[in-house]
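Just run-v2.cif here, mmCIF, C-alpha atoms:
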data_entry
loop_
_atom_site.label_atom_id
_atom_site.label_comp_id
_atom_site.auth_asym_id
_atom_site.auth_seq_id
_atom_site.Cartn_x
_atom_site.Cartn_y
_atom_site.Cartn_z
CA MET M 1 -14.78 -16.49 -77.58
CA ALA M 2 -17.77 -14.31 -78.33
CA VAL M 3 -16.25 -11.04 -77.11
CA ARG M 4 -12.54 -10.33 -76.71
CA LEU M 5 -11.36 -7.43 -74.57
CA LEU M 6 -7.80 -6.14 -74.40
CA VAL M 7 -7.55 -3.80 -71.42
CA GLN M 8 -4.64 -1.48 -70.74
CA GLN M 9 -4.24 0.64 -67.64
CA CYS M 10 -3.29 4.22 -68.53
CA THR M 11 -2.46 7.55 -66.95
CA SER M 12 -4.06 9.31 -69.94
CA ALA M 13 -5.20 8.55 -73.47
CA LYS M 14 -6.61 10.40 -76.45
CA LEU M 15 -8.19 9.16 -79.63
CA LYS M 16 -8.45 11.18 -82.83
CA LEU M 17 -11.70 10.23 -84.57
CA PRO M 18 -12.26 10.30 -88.34
CA THR M 19 -14.08 13.64 -87.91
CA GLU M 20 -10.83 15.08 -86.43
CA GLU M 21 -12.60 15.33 -83.05
CA ILE M 22 -10.41 14.19 -80.16
CA VAL M 23 -11.81 12.24 -77.22
CA GLN M 24 -9.60 11.87 -74.19
CA ILE M 25 -9.47 10.41 -70.72
CA GLY M 26 -7.38 10.83 -67.60
CA PRO M 27 -6.20 7.97 -65.39
CA GLY M 28 -8.13 4.76 -65.98
CA MET M 29 -8.17 2.20 -68.74
CA VAL M 30 -8.33 1.79 -72.49
CA ALA M 31 -10.51 -1.15 -73.55
CA PHE M 32 -10.15 -2.56 -77.06
CA ILE M 33 -13.11 -4.77 -78.03
CA CYS M 34 -13.80 -7.30 -80.78
CA PHE M 35 -16.88 -9.43 -81.49
CA SER M 36 -16.95 -12.89 -83.06
CA LYS M 37 -19.85 -14.38 -84.99
CA THR M 38 -21.10 -16.01 -81.78
CA ALA M 39 -21.46 -12.69 -79.91
CA ASP M 40 -24.91 -11.71 -78.71
CA GLU M 41 -26.51 -9.35 -76.19
CA GLU M 42 -25.88 -11.78 -73.32
CA SER M 43 -22.14 -11.91 -74.04
CA VAL M 44 -22.07 -8.10 -74.30
CA THR M 45 -23.71 -7.82 -70.86
CA LYS M 46 -21.12 -10.23 -69.43
CA ALA M 47 -18.31 -8.18 -71.01
CA VAL M 48 -19.66 -4.97 -69.44
CA GLN M 49 -19.76 -6.61 -66.00
CA LEU M 50 -16.28 -8.08 -66.43
CA LEU M 51 -14.78 -4.71 -67.33
CA LEU M 52 -16.37 -3.01 -64.32
CA LYS M 53 -15.62 -5.77 -61.79
CA VAL M 54 -12.13 -6.99 -62.70
CA LYS M 55 -9.47 -5.83 -60.23
CA LEU M 56 -6.73 -4.37 -62.43
CA SER M 57 -6.29 -0.78 -61.33
CA GLU M 58 -3.70 0.55 -58.90
CA GLU M 59 -4.08 3.82 -57.04
CA GLU M 60 -0.52 3.66 -55.76
CA GLU M 61 2.31 1.42 -56.91
CA GLY M 62 2.51 -1.78 -54.90
CA MET M 63 -0.96 -1.41 -53.39
CA LYS M 64 -3.73 -3.98 -53.77
CA ARG M 65 -5.48 -3.82 -57.14
CA LYS M 66 -9.01 -2.43 -57.32
CA THR M 67 -11.80 -2.21 -59.86
CA VAL M 68 -12.13 0.85 -62.04
CA LEU M 69 -15.33 1.56 -60.10
CA ASP M 70 -13.33 1.67 -56.86
CA THR M 71 -10.66 3.99 -58.24
CA GLY M 72 -13.04 6.25 -60.17
CA GLY M 73 -10.94 5.92 -63.31
CA ASP M 74 -12.02 6.86 -66.83
CA ILE M 75 -12.64 4.33 -69.63
CA LEU M 76 -11.89 4.78 -73.34
CA ILE M 77 -13.50 2.11 -75.51
CA ILE M 78 -11.98 1.38 -78.92
CA PRO M 79 -13.40 -1.14 -81.40
CA GLN M 80 -10.57 -3.36 -82.66
CA ALA M 81 -11.61 -6.05 -85.16
CA THR M 82 -8.01 -7.23 -85.54
CA LEU M 83 -8.22 -8.85 -82.08
CA GLY M 84 -10.33 -11.58 -83.75
CA GLY M 85 -7.68 -12.51 -86.30
CA LYS M 86 -6.16 -15.95 -86.70
CA LEU M 87 -2.79 -16.61 -88.27
CA LYS M 88 -2.88 -18.91 -91.29
CA GLY M 89 0.60 -19.42 -92.68
CA SER M 90 2.02 -15.92 -92.64
CA SER M 91 -1.30 -14.10 -93.20
CA MET M 92 -4.03 -12.97 -90.84
CA GLN M 93 -7.61 -14.08 -91.44
CA TYR M 94 -10.74 -12.65 -89.87
CA HIS M 95 -13.38 -15.21 -90.83
CA SER M 96 -14.59 -15.54 -87.22
CA ASN M 97 -15.43 -11.84 -86.85
CA ILE M 98 -19.01 -10.66 -86.76
CA PRO M 99 -20.39 -8.85 -89.84
CA PRO M 100 -19.88 -5.06 -89.59
CA GLU M 101 -23.57 -4.11 -89.12
CA GLN M 102 -24.06 -6.58 -86.27
CA GLY M 103 -20.71 -5.61 -84.74
CA LYS M 104 -21.64 -1.95 -84.72
CA SER M 105 -24.93 -2.72 -82.99
CA LEU M 106 -23.22 -4.81 -80.28
CA TYR M 107 -20.52 -2.15 -79.87
CA GLU M 108 -23.20 0.48 -79.22
CA LYS M 109 -24.90 -1.85 -76.71
CA PHE M 110 -21.55 -2.42 -74.95
CA CYS M 111 -20.82 1.32 -74.71
CA ASP M 112 -24.38 2.12 -73.63
CA GLY M 113 -24.21 -0.69 -71.06
CA LEU M 114 -21.11 0.83 -69.49
CA GLU M 115 -22.57 4.34 -69.51
CA ASN M 116 -25.80 3.10 -67.92
CA SER M 117 -23.95 1.09 -65.24
CA THR M 118 -21.73 3.81 -63.84
CA GLU M 119 -21.15 7.52 -63.51
CA LEU M 120 -17.51 7.12 -64.57
CA THR M 121 -16.29 9.07 -67.58
CA ILE M 122 -16.79 6.80 -70.60
CA ARG M 123 -15.47 7.82 -74.01
CA ARG M 124 -15.83 5.83 -77.19
CA GLY M 125 -14.23 5.44 -80.58
CA VAL M 126 -16.05 4.96 -83.88
CA TYR M 127 -16.86 1.42 -84.98
CA GLY M 128 -15.31 0.39 -88.31
CA ALA M 129 -13.07 3.46 -88.70
CA ARG M 130 -9.34 4.08 -88.53
CA GLN M 131 -8.43 6.25 -85.57
CA VAL M 132 -5.21 7.53 -84.05
CA LEU M 133 -4.52 6.59 -80.43
CA SER M 134 -2.02 8.24 -78.09
CA MET M 135 -1.68 6.70 -74.66
CA GLU M 136 0.54 7.05 -71.62
CA THR M 137 0.79 4.00 -69.40
CA ASN M 138 2.26 3.39 -66.00
CA GLY M 139 3.19 -0.22 -66.52
CA PRO M 140 2.25 -1.14 -69.08
CA PHE M 141 -0.42 -3.44 -67.69
CA SER M 142 -2.22 -5.23 -70.51
CA HIS M 143 -4.78 -7.99 -70.00
CA CYS M 144 -6.77 -10.00 -72.55
CA PHE M 145 -10.18 -11.47 -71.66
CA ASP M 146 -12.44 -13.73 -73.69
CA VAL M 147 -16.12 -13.73 -72.79
#

Re-express the file's structure as structure tokens.
Amino acid sequence: MAVRLLVQQCTSAKLKLPTEEIVQIGPGMVAFICFSKTADEESVTKAVQLLLKVKLSEEEEGMKRKTVLDTGGDILIIPQATLGGKLKGSSMQYHSNIPPEQGKSLYEKFCDGLENSTELTIRRGVYGARQVLSMETNGPFSHCFDV
């Protein structure tokens, strides 16, 4: 795993940033992302394409799933280093995670890659900061992908 994505379909979501600014989206998906030490620009590009092409979204319950591009949904991207944790005994360890400076750079490339690939509404959290998330789901539908 170079990049891990946890994707949740939502009807709406809002994220309170450390600056007290609130970013929010309507129907679409929240994507939590984590980078391991093996992550590079190629794996980031693959993660962008995966997020845009995976068929997870429903327009109506029971209908065939579509990509977020097909449904025109919004995307909220949240950096989440804890997705890279490994349990050792009863404690979590994060030795496989990328160093913060490199992680921030890849996070920016991931967000920029999404914004440059689509006209969908893309909102982003702040790398390396605690943030408060509120989300309404219509499932919940949660999917984890390793790139």

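Of note, atom CA of M:Thr71 and atom CA of M:Lys109 are spaced 24.0 Å apart.
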
Go through M:Ser105, M:Ser142, M:Ser91, M:Gln131 one by one, measure the shortest atom-to-atom distance of each to M:Pro18 using all atoms listed in the file, and give the residue with the smallest value. M:Gln131

What are the closest atom pairs, with distances in Å to one decimal, for all residues of stretch 94-131 of chain M lying within 12 Å of stretch 4-7 of chain M? Consider all atoms listed in the file, order rows by chain and residue number, and present the result as JSON lines.
{"residue": "M:Ser96", "atom": "CA", "partner": "M:Arg4", "partner_atom": "CA", "distance": 11.9}
{"residue": "M:Asn97", "atom": "CA", "partner": "M:Arg4", "partner_atom": "CA", "distance": 10.7}
{"residue": "M:Ile98", "atom": "CA", "partner": "M:Arg4", "partner_atom": "CA", "distance": 12.0}
{"residue": "M:Tyr107", "atom": "CA", "partner": "M:Leu5", "partner_atom": "CA", "distance": 11.8}
{"residue": "M:Phe110", "atom": "CA", "partner": "M:Leu5", "partner_atom": "CA", "distance": 11.4}

Save out the residues we just selected, C-alpha atoms, as a compact mmCIF listing (two decimals), keeping the file's coordinate frame.
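And here is the file that came out, again.txt:
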# COMPACT_ATOMS: atom_id res chain seq x y z
CA SER M 96 -14.59 -15.54 -87.22
CA ASN M 97 -15.43 -11.84 -86.85
CA ILE M 98 -19.01 -10.66 -86.76
CA TYR M 107 -20.52 -2.15 -79.87
CA PHE M 110 -21.55 -2.42 -74.95

For a test of reading the model, state the distance in Å between atom CA of M:Phe32 and atom CA of M:Pro79, rounded to one decimal. 5.6 Å

For the file shown, what are the residues hit by the PyMOL selection byres ((chain M and resi 45) around 12), laid out as number ranges by chain? M: 2-3, 39-44, 46-52, 106-114, 116-117, 147

By how many Å are atom CA of M:Val68 and atom CA of M:Gly84 apart? 25.1 Å

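Among the candidates M:Gln80, M:Ile33, M:Gly139, M:Arg123, the residue lying nearest to M:Ala13 is M:Arg123 (atoms considered: only C-alpha atoms).
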
When you look at M:Leu15 with a cut-off of 12 Å (counting all atoms listed in the file), what residues show up, excluding the ones that are within fewer than 3 positions of it in the same chain? I need them as a ChimeraX atom specification. /M:12,18-25,30,75-79,123-126,129-135

The residue from M:Gly85, M:Gly128, M:Gly103, M:Gly28 with the smallest atom-to-atom distance to M:Ser57, counting only C-alpha atoms, is M:Gly28
